[in-house]
$ cat protein_7.cif   # mmCIF, C-alpha atoms and all ligand atoms
data_my_file
loop_
_atom_site.group_PDB
_atom_site.id
_atom_site.type_symbol
_atom_site.label_atom_id
_atom_site.label_comp_id
_atom_site.auth_asym_id
_atom_site.auth_seq_id
_atom_site.Cartn_x
_atom_site.Cartn_y
_atom_site.Cartn_z
ATOM 1 C CA MET A 654 181.224 64.274 76.121
ATOM 2 C CA ARG A 655 178.165 66.074 74.752
ATOM 3 C CA ARG A 656 176.112 62.957 75.391
ATOM 4 C CA LEU A 657 177.233 62.785 78.999
ATOM 5 C CA VAL A 658 176.448 66.392 79.829
ATOM 6 C CA ARG A 659 173.265 66.950 77.867
ATOM 7 C CA GLU A 660 170.616 68.516 80.125
ATOM 8 C CA THR A 661 167.449 67.859 78.157
ATOM 9 C CA ARG A 662 166.514 64.852 76.104
ATOM 10 C CA LEU A 663 163.607 63.944 73.914
ATOM 11 C CA SER A 664 162.023 60.546 74.320
ATOM 12 C CA ARG A 665 159.042 58.718 72.902
ATOM 13 C CA ASP A 666 157.509 59.069 76.357
ATOM 14 C CA ASP A 667 157.121 62.809 75.717
ATOM 15 C CA LEU A 668 154.842 62.539 72.700
ATOM 16 C CA VAL A 669 151.111 62.610 72.063
ATOM 17 C CA LEU A 670 149.716 62.134 68.545
ATOM 18 C CA PRO A 671 146.570 63.997 67.396
ATOM 19 C CA LEU A 672 144.065 62.090 65.207
ATOM 20 C CA PHE A 673 141.114 63.385 63.169
ATOM 21 C CA ALA A 674 138.138 61.013 63.018
ATOM 22 C CA VAL A 675 135.503 61.351 60.294
ATOM 23 C CA PRO A 676 132.302 59.365 59.628
ATOM 24 C CA GLY A 677 132.315 56.389 57.290
ATOM 25 C CA ALA A 678 134.649 53.459 56.660
ATOM 26 C CA GLY A 679 137.845 53.148 54.675
ATOM 27 C CA VAL A 680 138.206 56.913 54.513
ATOM 28 C CA GLU A 681 141.659 58.486 54.499
ATOM 29 C CA ARG A 682 142.000 62.063 53.217
ATOM 30 C CA GLU A 683 145.246 63.975 53.468
ATOM 31 C CA VAL A 684 144.886 67.513 54.815
ATOM 32 C CA GLY A 685 146.113 69.836 52.037
ATOM 33 C CA SER A 686 147.928 72.247 54.323
ATOM 34 C CA MET A 687 149.344 69.471 56.529
ATOM 35 C CA PRO A 688 151.155 66.899 54.363
ATOM 36 C CA GLY A 689 151.352 63.579 56.223
ATOM 37 C CA VAL A 690 148.275 64.330 58.368
ATOM 38 C CA PHE A 691 144.981 62.634 57.504
ATOM 39 C CA GLN A 692 141.295 62.741 58.252
ATOM 40 C CA GLN A 693 140.458 59.090 58.863
ATOM 41 C CA SER A 694 137.358 57.044 59.479
ATOM 42 C CA VAL A 695 137.359 55.077 62.726
ATOM 43 C CA ASP A 696 138.774 51.879 61.172
ATOM 44 C CA ARG A 697 141.753 53.734 59.660
ATOM 45 C CA ALA A 698 142.323 55.966 62.671
ATOM 46 C CA LEU A 699 142.398 52.837 64.807
ATOM 47 C CA ASP A 700 145.231 51.460 62.644
ATOM 48 C CA THR A 701 147.156 54.691 63.163
ATOM 49 C CA ALA A 702 146.537 54.564 66.907
ATOM 50 C CA VAL A 703 147.816 50.991 67.064
ATOM 51 C CA ARG A 704 150.886 52.038 65.089
ATOM 52 C CA ALA A 705 151.472 54.838 67.600
ATOM 53 C CA ARG A 706 151.178 52.347 70.457
ATOM 54 C CA ASP A 707 153.580 49.945 68.744
ATOM 55 C CA LEU A 708 156.091 52.771 68.343
ATOM 56 C CA GLY A 709 155.952 53.446 72.083
ATOM 57 C CA ILE A 710 153.916 56.654 71.968
ATOM 58 C CA PRO A 711 151.997 56.864 75.270
ATOM 59 C CA GLY A 712 148.849 58.598 74.060
ATOM 60 C CA VAL A 713 146.661 60.018 71.317
ATOM 61 C CA LEU A 714 144.452 63.129 71.227
ATOM 62 C CA LEU A 715 141.193 62.696 69.309
ATOM 63 C CA PHE A 716 139.275 65.262 67.273
ATOM 64 C CA GLY A 717 136.027 64.513 65.476
ATOM 65 C CA ILE A 718 134.321 65.833 62.376
ATOM 66 C CA PRO A 719 130.585 65.091 62.586
ATOM 67 C CA GLU A 720 128.091 64.026 59.943
ATOM 68 C CA ARG A 721 125.982 67.097 60.622
ATOM 69 C CA LYS A 722 126.562 70.545 62.104
ATOM 70 C CA ASP A 723 124.014 72.835 63.750
ATOM 71 C CA ALA A 724 123.923 76.061 65.755
ATOM 72 C CA ARG A 725 124.418 74.282 69.104
ATOM 73 C CA GLY A 726 126.838 71.582 67.997
ATOM 74 C CA CYS A 727 124.442 68.868 69.176
ATOM 75 C CA ASP A 728 126.378 66.026 67.526
ATOM 76 C CA ALA A 729 129.328 66.688 69.849
ATOM 77 C CA ALA A 730 127.678 64.581 72.549
ATOM 78 C CA LEU A 731 126.421 61.677 70.413
ATOM 79 C CA ASP A 732 127.346 58.342 71.943
ATOM 80 C CA ASP A 733 128.155 56.962 68.486
ATOM 81 C CA GLY A 734 129.892 60.005 67.012
ATOM 82 C CA PRO A 735 133.323 59.554 65.361
ATOM 83 C CA VAL A 736 135.259 60.454 68.535
ATOM 84 C CA GLN A 737 133.169 58.276 70.845
ATOM 85 C CA SER A 738 133.383 55.356 68.387
ATOM 86 C CA LEU A 739 137.129 55.746 68.011
ATOM 87 C CA VAL A 740 137.617 55.863 71.794
ATOM 88 C CA ARG A 741 135.710 52.585 72.092
ATOM 89 C CA ALA A 742 137.639 50.973 69.250
ATOM 90 C CA ILE A 743 141.009 51.957 70.721
ATOM 91 C CA LYS A 744 140.072 50.855 74.229
ATOM 92 C CA LYS A 745 139.056 47.472 72.833
ATOM 93 C CA THR A 746 142.116 46.899 70.639
ATOM 94 C CA ALA A 747 144.850 48.840 72.451
ATOM 95 C CA PRO A 748 143.622 49.367 76.008
ATOM 96 C CA ASP A 749 147.057 50.427 77.203
ATOM 97 C CA LEU A 750 147.139 53.436 74.875
ATOM 98 C CA LEU A 751 146.147 56.603 76.735
ATOM 99 C CA VAL A 752 143.148 58.222 75.051
ATOM 100 C CA ILE A 753 142.686 61.969 75.363
ATOM 101 C CA THR A 754 139.680 63.621 73.716
ATOM 102 C CA ASP A 755 139.452 67.242 72.640
ATOM 103 C CA VAL A 756 136.290 68.793 74.072
ATOM 104 C CA CYS A 757 135.077 71.739 72.011
ATOM 105 C CA LEU A 758 132.102 72.743 69.895
ATOM 106 C CA CYS A 759 133.812 74.411 66.923
ATOM 107 C CA GLU A 760 133.969 71.216 64.852
ATOM 108 C CA TYR A 761 130.269 70.646 65.526
ATOM 109 C CA THR A 762 128.696 74.092 65.125
ATOM 110 C CA ASP A 763 127.630 75.363 61.695
ATOM 111 C CA HIS A 764 129.070 78.798 62.555
ATOM 112 C CA GLY A 765 132.427 77.327 63.621
ATOM 113 C CA HIS A 766 132.625 79.077 66.996
ATOM 114 C CA CYS A 767 133.585 77.217 70.175
ATOM 115 C CA GLY A 768 130.317 78.076 71.953
ATOM 116 C CA VAL A 769 126.668 78.861 71.358
ATOM 117 C CA LEU A 770 125.740 82.263 69.967
ATOM 118 C CA ASP A 771 123.420 85.076 70.844
ATOM 119 C CA GLY A 772 123.484 87.053 67.595
ATOM 120 C CA GLU A 773 127.198 87.243 66.850
ATOM 121 C CA HIS A 774 128.200 86.961 70.506
ATOM 122 C CA VAL A 775 129.543 83.704 71.976
ATOM 123 C CA VAL A 776 127.653 83.044 75.218
ATOM 124 C CA ASN A 777 129.931 81.665 77.912
ATOM 125 C CA ASP A 778 127.607 80.157 80.516
ATOM 126 C CA ALA A 779 125.097 78.617 78.104
ATOM 127 C CA THR A 780 128.020 76.772 76.506
ATOM 128 C CA LEU A 781 129.207 75.091 79.710
ATOM 129 C CA GLU A 782 126.406 72.563 79.868
ATOM 130 C CA LEU A 783 126.991 71.480 76.261
ATOM 131 C CA LEU A 784 130.700 71.025 76.910
ATOM 132 C CA ALA A 785 129.954 68.971 80.019
ATOM 133 C CA ASP A 786 127.594 66.762 77.980
ATOM 134 C CA GLU A 787 130.266 66.287 75.341
ATOM 135 C CA ALA A 788 132.909 65.425 77.950
ATOM 136 C CA LEU A 789 130.515 62.938 79.560
ATOM 137 C CA SER A 790 129.904 61.186 76.247
ATOM 138 C CA HIS A 791 133.678 60.827 75.848
ATOM 139 C CA ALA A 792 134.036 59.465 79.373
ATOM 140 C CA ARG A 793 131.216 56.972 78.795
ATOM 141 C CA ALA A 794 133.043 55.771 75.695
ATOM 142 C CA GLY A 795 136.140 55.183 77.833
ATOM 143 C CA ALA A 796 138.326 58.275 77.412
ATOM 144 C CA ASP A 797 141.092 58.452 80.024
ATOM 145 C CA ILE A 798 141.439 62.220 79.797
ATOM 146 C CA VAL A 799 139.092 64.892 78.480
ATOM 147 C CA ALA A 800 140.728 68.046 77.175
ATOM 148 C CA PRO A 801 138.552 71.165 76.931
ATOM 149 C CA SER A 802 139.943 73.534 74.275
ATOM 150 C CA ASP A 803 137.049 75.981 74.017
ATOM 151 C CA MET A 804 138.403 78.597 76.470
ATOM 152 C CA MET A 805 135.019 79.360 78.062
ATOM 153 C CA ASP A 806 135.409 80.508 81.676
ATOM 154 C CA GLY A 807 134.354 77.926 84.247
ATOM 155 C CA ARG A 808 134.340 74.942 81.920
ATOM 156 C CA VAL A 809 136.833 72.880 83.899
ATOM 157 C CA ALA A 810 134.638 73.083 87.012
ATOM 158 C CA ALA A 811 131.483 72.340 85.008
ATOM 159 C CA ILE A 812 133.085 69.275 83.434
ATOM 160 C CA ARG A 813 134.574 68.064 86.741
ATOM 161 C CA VAL A 814 131.187 68.259 88.480
ATOM 162 C CA ALA A 815 129.423 66.501 85.606
ATOM 163 C CA LEU A 816 132.020 63.713 85.501
ATOM 164 C CA ASP A 817 131.936 63.175 89.266
ATOM 165 C CA GLU A 818 128.144 63.111 89.364
ATOM 166 C CA GLU A 819 128.103 60.292 86.819
ATOM 167 C CA GLY A 820 130.795 58.313 88.637
ATOM 168 C CA PHE A 821 133.673 59.224 86.317
ATOM 169 C CA ASP A 822 135.882 60.507 89.107
ATOM 170 C CA ASP A 823 138.882 58.725 87.576
ATOM 171 C CA THR A 824 138.560 60.561 84.264
ATOM 172 C CA ALA A 825 141.225 63.259 84.258
ATOM 173 C CA ILE A 826 141.056 66.762 82.811
ATOM 174 C CA LEU A 827 143.779 68.231 80.631
ATOM 175 C CA SER A 828 142.838 71.843 80.189
ATOM 176 C CA TYR A 829 143.949 74.021 77.316
ATOM 177 C CA ALA A 830 144.538 76.663 79.971
ATOM 178 C CA ALA A 831 146.775 79.194 78.212
ATOM 179 C CA LYS A 832 145.430 79.037 74.696
ATOM 180 C CA TYR A 833 146.271 82.025 72.557
ATOM 181 C CA CYS A 834 144.218 83.508 69.754
ATOM 182 C CA SER A 835 146.700 82.409 67.134
ATOM 183 C CA GLY A 836 147.220 82.477 63.395
ATOM 184 C CA PHE A 837 149.064 79.184 63.824
ATOM 185 C CA TYR A 838 145.745 77.269 64.005
ATOM 186 C CA GLY A 839 145.001 77.952 60.318
ATOM 187 C CA PRO A 840 145.842 74.493 58.924
ATOM 188 C CA PHE A 841 144.016 72.754 61.805
ATOM 189 C CA ARG A 842 140.807 74.486 60.820
ATOM 190 C CA GLU A 843 141.094 72.827 57.428
ATOM 191 C CA ALA A 844 141.775 69.458 59.105
ATOM 192 C CA ALA A 845 138.886 69.814 61.577
ATOM 193 C CA GLU A 846 136.615 71.801 59.245
ATOM 194 C CA SER A 847 136.159 74.265 62.083
ATOM 195 C CA ALA A 848 136.974 77.741 60.715
ATOM 196 C CA PRO A 849 134.701 80.392 62.225
ATOM 197 C CA GLN A 850 132.202 81.547 59.596
ATOM 198 C CA PHE A 851 132.425 85.151 60.799
ATOM 199 C CA GLY A 852 134.711 87.120 63.077
ATOM 200 C CA ASP A 853 137.481 85.406 65.052
ATOM 201 C CA ARG A 854 138.031 83.819 68.464
ATOM 202 C CA ARG A 855 139.330 86.932 70.210
ATOM 203 C CA SER A 856 136.429 87.108 72.653
ATOM 204 C CA TYR A 857 137.492 83.818 74.247
ATOM 205 C CA GLN A 858 141.114 83.028 73.275
ATOM 206 C CA MET A 859 144.054 84.942 74.741
ATOM 207 C CA ASP A 860 145.851 88.012 73.453
ATOM 208 C CA PRO A 861 149.361 87.077 72.238
ATOM 209 C CA GLY A 862 150.737 90.086 74.106
ATOM 210 C CA ASN A 863 149.739 88.739 77.505
ATOM 211 C CA GLY A 864 151.881 86.626 79.811
ATOM 212 C CA GLY A 865 150.501 87.375 83.263
ATOM 213 C CA GLU A 866 147.029 86.533 82.028
ATOM 214 C CA ALA A 867 148.275 83.065 81.088
ATOM 215 C CA MET A 868 149.323 82.520 84.708
ATOM 216 C CA ARG A 869 145.866 83.610 85.889
ATOM 217 C CA GLU A 870 144.161 81.285 83.391
ATOM 218 C CA ILE A 871 146.294 78.368 84.562
ATOM 219 C CA ALA A 872 145.684 79.152 88.253
ATOM 220 C CA LEU A 873 141.925 79.291 87.653
ATOM 221 C CA ASP A 874 141.869 75.988 85.779
ATOM 222 C CA LEU A 875 143.937 74.252 88.482
ATOM 223 C CA ASP A 876 141.564 75.643 91.081
ATOM 224 C CA GLU A 877 138.612 74.273 89.148
ATOM 225 C CA GLY A 878 140.155 70.801 89.097
ATOM 226 C CA ALA A 879 142.405 70.531 86.055
ATOM 227 C CA ASP A 880 144.913 67.669 86.440
ATOM 228 C CA ILE A 881 147.209 68.797 83.623
ATOM 229 C CA VAL A 882 147.417 72.238 82.029
ATOM 230 C CA MET A 883 148.532 73.159 78.541
ATOM 231 C CA VAL A 884 150.198 76.063 76.794
ATOM 232 C CA LYS A 885 149.309 76.438 73.124
ATOM 233 C CA PRO A 886 150.842 77.128 70.599
ATOM 234 C CA ALA A 887 154.282 76.028 71.771
ATOM 235 C CA LEU A 888 157.252 77.540 69.949
ATOM 236 C CA PRO A 889 156.042 81.178 69.866
ATOM 237 C CA TYR A 890 155.174 80.868 73.589
ATOM 238 C CA LEU A 891 158.257 79.200 75.088
ATOM 239 C CA ASP A 892 158.444 82.033 77.632
ATOM 240 C CA ILE A 893 154.940 81.151 78.805
ATOM 241 C CA ILE A 894 155.856 77.472 79.132
ATOM 242 C CA ARG A 895 158.898 78.447 81.184
ATOM 243 C CA ARG A 896 156.880 80.813 83.384
ATOM 244 C CA ALA A 897 154.223 78.173 83.948
ATOM 245 C CA ARG A 898 156.917 75.605 84.824
ATOM 246 C CA GLU A 899 158.401 77.955 87.399
ATOM 247 C CA THR A 900 155.064 79.100 88.827
ATOM 248 C CA PHE A 901 153.114 75.845 89.140
ATOM 249 C CA GLU A 902 154.025 72.397 90.412
ATOM 250 C CA CYS A 903 151.694 70.579 88.066
ATOM 251 C CA PRO A 904 151.950 68.449 84.960
ATOM 252 C CA LEU A 905 152.436 70.750 81.997
ATOM 253 C CA ALA A 906 151.706 70.025 78.352
ATOM 254 C CA ALA A 907 152.522 72.026 75.241
ATOM 255 C CA TYR A 908 150.865 71.780 71.843
ATOM 256 C CA GLN A 909 153.051 72.134 68.764
ATOM 257 C CA VAL A 910 150.090 73.239 66.660
ATOM 258 C CA SER A 911 149.185 72.797 63.021
ATOM 259 C CA GLY A 912 150.837 76.004 61.778
ATOM 260 C CA GLU A 913 154.086 75.091 63.508
ATOM 261 C CA TYR A 914 153.980 71.718 61.736
ATOM 262 C CA SER A 915 153.033 73.167 58.349
ATOM 263 C CA MET A 916 155.780 75.791 58.420
ATOM 264 C CA ILE A 917 158.449 73.165 58.982
ATOM 265 C CA LYS A 918 156.928 70.829 56.366
ATOM 266 C CA ALA A 919 156.703 73.570 53.755
ATOM 267 C CA ALA A 920 160.263 74.789 54.262
ATOM 268 C CA ALA A 921 161.525 71.199 54.268
ATOM 269 C CA ARG A 922 159.670 70.384 51.061
ATOM 270 C CA ALA A 923 161.200 73.426 49.416
ATOM 271 C CA GLY A 924 164.595 72.106 50.457
ATOM 272 C CA TRP A 925 165.268 75.163 52.596
ATOM 273 C CA ILE A 926 165.797 73.447 55.946
ATOM 274 C CA ASP A 927 166.787 70.051 57.290
ATOM 275 C CA GLU A 928 163.439 68.754 58.540
ATOM 276 C CA ARG A 929 164.659 66.184 61.077
ATOM 277 C CA ARG A 930 167.122 68.555 62.587
ATOM 278 C CA VAL A 931 164.587 71.365 62.894
ATOM 279 C CA VAL A 932 161.863 69.103 64.281
ATOM 280 C CA ASP A 933 164.187 67.695 66.937
ATOM 281 C CA GLU A 934 165.417 71.170 67.792
ATOM 282 C CA THR A 935 161.900 72.597 68.217
ATOM 283 C CA LEU A 936 160.710 69.657 70.317
ATOM 284 C CA LEU A 937 163.815 69.805 72.471
ATOM 285 C CA SER A 938 163.305 73.555 72.977
ATOM 286 C CA ILE A 939 159.743 72.971 74.126
ATOM 287 C CA ARG A 940 160.966 70.360 76.616
ATOM 288 C CA ARG A 941 163.821 72.605 77.735
ATOM 289 C CA ALA A 942 161.334 75.431 78.353
ATOM 290 C CA GLY A 943 159.614 73.090 80.820
ATOM 291 C CA ALA A 944 156.872 71.077 79.138
ATOM 292 C CA ASP A 945 156.484 67.531 80.447
ATOM 293 C CA PHE A 946 155.050 66.347 77.153
ATOM 294 C CA ILE A 947 154.250 67.633 73.689
ATOM 295 C CA ILE A 948 151.246 67.121 71.483
ATOM 296 C CA THR A 949 152.685 67.051 67.974
ATOM 297 C CA TYR A 950 151.747 65.951 64.468
ATOM 298 C CA TYR A 951 155.357 64.794 64.202
ATOM 299 C CA ALA A 952 154.890 62.156 66.919
ATOM 300 C CA LEU A 953 154.952 59.133 64.573
ATOM 301 C CA GLU A 954 157.942 60.355 62.572
ATOM 302 C CA VAL A 955 159.929 61.231 65.674
ATOM 303 C CA ALA A 956 159.043 58.031 67.547
ATOM 304 C CA GLU A 957 160.132 56.017 64.516
ATOM 305 C CA ARG A 958 163.645 57.312 64.715
ATOM 306 C CA LEU A 959 164.096 57.623 68.487
HETATM 307 C C1 LIG A 1001 139.449 73.650 68.956
HETATM 308 C C2 LIG A 1001 140.888 73.487 68.784
HETATM 309 C C3 LIG A 1001 141.776 74.183 67.937
HETATM 310 C C4 LIG A 1001 142.999 73.547 68.052
HETATM 311 C C5 LIG A 1001 142.855 72.516 68.969
HETATM 312 N N1 LIG A 1001 141.548 72.511 69.422
HETATM 313 C C6 LIG A 1001 141.581 75.270 66.982
HETATM 314 C C7 LIG A 1001 141.046 76.568 67.307
HETATM 315 O O1 LIG A 1001 140.956 76.985 68.464
HETATM 316 O O2 LIG A 1001 140.656 77.222 66.337
HETATM 317 C C8 LIG A 1001 144.233 73.913 67.263
HETATM 318 C C9 LIG A 1001 145.212 72.819 67.038
HETATM 319 C C10 LIG A 1001 146.180 73.067 65.944
HETATM 320 O O3 LIG A 1001 146.246 74.149 65.327
HETATM 321 O O4 LIG A 1001 146.937 72.128 65.673
HETATM 322 N N2 LIG A 1001 139.007 74.800 69.570
#

$ encode --input "protein_7.cif" --output "structure tokens"
Amino acid sequence: MRRLVRETRLSRDDLVLPLFAVPGAGVEREVGSMPGVFQQSVDRALDTAVRARDLGIPGVLLFGIPERKDARGCDAALDDGPVQSLVRAIKKTAPDLLVITDVCLCEYTDHGHCGVLDGEHVVNDATLELLADEALSHARAGADIVAPSDMMDGRVAAIRVALDEEGFDDTAILSYAAKYCSGFYGPFREAAESAPQFGDRRSYQMDPGNGGEAMREIALDLDEGADIVMVKPALPYLDIIRRARETFECPLAAYQVSGEYSMIKAAARAGWIDERRVVDETLLSIRRAGADFIITYYALEVAERL
């Protein structure tokens, strides 16, 4: 009877798997704070992407760690950077796998902030052009969707204009619209080697106390041309996902971030919780709150058993 009357279900169709691409070949390094998650060179990451495709996962989200970092994150827009190379490799081998690329500067800047600096201040408008260049390099490589995660104001419009001008009007934008300034990103910053070298991201990411502001951020990004919007993190912000679902008639994503993954892993490893049960319960909650799909480091594990 429970099967017949269940309101929300989790399916492989709801999952997106993040991947971390590093330079080199044959490289596979486990992230200390994220057991089961790896930094991989393009050849290895491609194998993981193909495995995701074979398991029925619709898409992957790519992050890159560059050879070299500088103040302006110049390597973010290299046509042969790890992300761009991985996009090309996936599109050649598994063209039916949806490729989403994270667009941000924090992995590429030596100071670890998501934009360029004037002293210790992140400069919004000067960053937009660099983000647009990065997004264009991803589109040229064949990305289906670019996903700006920097939280600069006006970046969706800047990227949309740049894409359209170069003829990439079919490249979609998934905007990290309601992205909170969160302690749950800690393990990711180890994975992406992107911890800010001073201060924090409070001048551009959202205050955890704010809900109405999330609706304004989403409305702005939709206005600027976002095709899909995201709430991030997921579990601590289920109310925001629900509010977004009720306020906007648009595709809605949620990101079960690194800290959410690591907490479950750690408790499971200590034998304190039943990992499968808790993972399924959290993902189902995120869907029940209203997310159409979930970006999660658990995608492979969950798809394997669904
Ligand atoms: C880049 C970015 C971050 C995440 C996705 N893109 C980290 C941050 O803002 O510091 C976090 C993802 C995660 O924690 O899993 N700006």

$ resolve_selection --input "protein_7.cif" --expression "the PyMOL selection byres (((not hetatm)) within 10 of (chain A and resi 1001))" --output "PyMOL selection string"
chain A and resi 671+687+714-716+755-760+765-768+800-804+829+832-849+853-854+857-858+885-886+908-915+948-950

$ residues_around --input "protein_7.cif" --residues "region 870-884 of chain A" --least-positions-apart "5" --cutoff "7 Å" --atoms "only C-alpha atoms" --output "PDB file with C-alpha atoms, keeping the file's coordinate frame"
ATOM      1  CA  VAL A 809     136.833  72.880  83.899  1.00  0.00           C
ATOM      2  CA  ALA A 810     134.638  73.083  87.012  1.00  0.00           C
ATOM      3  CA  ARG A 813     134.574  68.064  86.741  1.00  0.00           C
ATOM      4  CA  ALA A 825     141.225  63.259  84.258  1.00  0.00           C
ATOM      5  CA  ILE A 826     141.056  66.762  82.811  1.00  0.00           C
ATOM      6  CA  LEU A 827     143.779  68.231  80.631  1.00  0.00           C
ATOM      7  CA  SER A 828     142.838  71.843  80.189  1.00  0.00           C
ATOM      8  CA  TYR A 829     143.949  74.021  77.316  1.00  0.00           C
ATOM      9  CA  ALA A 830     144.538  76.663  79.971  1.00  0.00           C
ATOM     10  CA  ALA A 831     146.775  79.194  78.212  1.00  0.00           C
ATOM     11  CA  LYS A 832     145.430  79.037  74.696  1.00  0.00           C
ATOM     12  CA  ILE A 894     155.856  77.472  79.132  1.00  0.00           C
ATOM     13  CA  CYS A 903     151.694  70.579  88.066  1.00  0.00           C
ATOM     14  CA  PRO A 904     151.950  68.449  84.960  1.00  0.00           C
ATOM     15  CA  LEU A 905     152.436  70.750  81.997  1.00  0.00           C
ATOM     16  CA  ALA A 906     151.706  70.025  78.352  1.00  0.00           C
ATOM     17  CA  ALA A 907     152.522  72.026  75.241  1.00  0.00           C
ATOM     18  CA  TYR A 908     150.865  71.780  71.843  1.00  0.00           C
TER      19      TYR A 908
END

$ residues_around --input "protein_7.cif" --residues "Gly679 (chain A)" --least-positions-apart "3" --cutoff "10 Å" --atoms "only C-alpha atoms" --output "MDAnalysis selection string"
chainID A and resid 676 682 693:698

$ resolve_selection --input "protein_7.cif" --expression "the PyMOL selection byres (((chain A and resi 740) around 7) and not hetatm)" --output "JSON, numbers by chain"
{"A": [736, 737, 738, 739, 741, 742, 743, 744, 752, 794, 795, 796]}

$ closest_residue --input "protein_7.cif" --among "A:Asp763, A:Asp778, A:Asp927, A:Glu902" --to "Arg721 (chain A)" --atoms "all atoms listed in the file"
A:Asp763

$ resolve_selection --input "protein_7.cif" --expression "the PyMOL selection byres (((chain A and resi 692) around 7) and not hetatm)" --output "JSON, numbers by chain"
{"A": [673, 674, 675, 681, 682, 683, 684, 691, 693, 844]}

$ residues_around --input "protein_7.cif" --residues "Glu928 (chain A)" --least-positions-apart "4" --cutoff "8 Å" --atoms "only C-alpha atoms" --output "JSON, numbers by chain"
{"A": [917, 918, 921, 932]}

$ axis_aligned_box --input "protein_7.cif" --around "region 721-738 of chain A" --padding-each-side "3 Å" --output "AutoDock Vina command-line options"
--center_x 129.6 --center_y 65.7 --center_z 66.6 --size_x 17.3 --size_y 26.7 --size_z 17.9

$ closest_residue --input "protein_7.cif" --among "A:Val680, A:Thr746, A:Arg662, A:Asp860" --to "Arg704 (chain A)" --atoms "all atoms listed in the file"
A:Thr746

$ closest_residue --input "protein_7.cif" --among "A:Asp797, A:Arg656, A:Gly852, A:Leu668" --to "His774 (chain A)" --atoms "all atoms listed in the file"
A:Gly852

$ atom_distance --input "protein_7.cif" --atom1 "CA of Gly807 (chain A)" --atom2 "CA of Thr824 (chain A)"
17.9 Å

$ build_atoms --input "protein_7.cif" --residues "region 784-799 of chain A" --atoms "N, CA and C atoms" --output "PDB file, in the frame of the given file"
ATOM      1  N   LEU A 784     129.347  71.574  76.804  1.00  0.00           N
ATOM      2  CA  LEU A 784     130.700  71.025  76.910  1.00  0.00           C
ATOM      3  C   LEU A 784     130.730  69.867  77.903  1.00  0.00           C
ATOM      4  N   ALA A 785     130.001  70.039  79.013  1.00  0.00           N
ATOM      5  CA  ALA A 785     129.954  68.971  80.019  1.00  0.00           C
ATOM      6  C   ALA A 785     129.306  67.724  79.423  1.00  0.00           C
ATOM      7  N   ASP A 786     128.244  67.908  78.635  1.00  0.00           N
ATOM      8  CA  ASP A 786     127.594  66.762  77.980  1.00  0.00           C
ATOM      9  C   ASP A 786     128.556  66.054  77.031  1.00  0.00           C
ATOM     10  N   GLU A 787     129.305  66.862  76.287  1.00  0.00           N
ATOM     11  CA  GLU A 787     130.266  66.287  75.341  1.00  0.00           C
ATOM     12  C   GLU A 787     131.334  65.491  76.099  1.00  0.00           C
ATOM     13  N   ALA A 788     131.867  66.097  77.160  1.00  0.00           N
ATOM     14  CA  ALA A 788     132.909  65.425  77.950  1.00  0.00           C
ATOM     15  C   ALA A 788     132.379  64.115  78.535  1.00  0.00           C
ATOM     16  N   LEU A 789     131.122  64.156  78.999  1.00  0.00           N
ATOM     17  CA  LEU A 789     130.515  62.938  79.560  1.00  0.00           C
ATOM     18  C   LEU A 789     130.411  61.837  78.509  1.00  0.00           C
ATOM     19  N   SER A 790     130.029  62.205  77.299  1.00  0.00           N
ATOM     20  CA  SER A 790     129.904  61.186  76.247  1.00  0.00           C
ATOM     21  C   SER A 790     131.272  60.572  75.949  1.00  0.00           C
ATOM     22  N   HIS A 791     132.324  61.370  76.051  1.00  0.00           N
ATOM     23  CA  HIS A 791     133.678  60.827  75.848  1.00  0.00           C
ATOM     24  C   HIS A 791     134.058  59.883  76.993  1.00  0.00           C
ATOM     25  N   ALA A 792     133.713  60.292  78.207  1.00  0.00           N
ATOM     26  CA  ALA A 792     134.036  59.465  79.373  1.00  0.00           C
ATOM     27  C   ALA A 792     133.287  58.135  79.314  1.00  0.00           C
ATOM     28  N   ARG A 793     132.009  58.210  78.930  1.00  0.00           N
ATOM     29  CA  ARG A 793     131.216  56.972  78.795  1.00  0.00           C
ATOM     30  C   ARG A 793     131.836  56.025  77.782  1.00  0.00           C
ATOM     31  N   ALA A 794     132.420  56.604  76.728  1.00  0.00           N
ATOM     32  CA  ALA A 794     133.043  55.771  75.695  1.00  0.00           C
ATOM     33  C   ALA A 794     134.353  55.164  76.195  1.00  0.00           C
ATOM     34  N   GLY A 795     134.927  55.755  77.261  1.00  0.00           N
ATOM     35  CA  GLY A 795     136.140  55.183  77.833  1.00  0.00           C
ATOM     36  C   GLY A 795     137.364  56.080  77.788  1.00  0.00           C
ATOM     37  N   ALA A 796     137.174  57.356  77.460  1.00  0.00           N
ATOM     38  CA  ALA A 796     138.326  58.275  77.412  1.00  0.00           C
ATOM     39  C   ALA A 796     139.008  58.327  78.776  1.00  0.00           C
ATOM     40  N   ASP A 797     140.341  58.347  78.764  1.00  0.00           N
ATOM     41  CA  ASP A 797     141.092  58.452  80.024  1.00  0.00           C
ATOM     42  C   ASP A 797     141.158  59.897  80.484  1.00  0.00           C
ATOM     43  N   ILE A 798     141.289  60.797  79.507  1.00  0.00           N
ATOM     44  CA  ILE A 798     141.439  62.220  79.797  1.00  0.00           C
ATOM     45  C   ILE A 798     140.548  63.003  78.837  1.00  0.00           C
ATOM     46  N   VAL A 799     139.811  63.974  79.363  1.00  0.00           N
ATOM     47  CA  VAL A 799     139.092  64.892  78.480  1.00  0.00           C
ATOM     48  C   VAL A 799     139.840  66.231  78.490  1.00  0.00           C
TER      49      VAL A 799
END
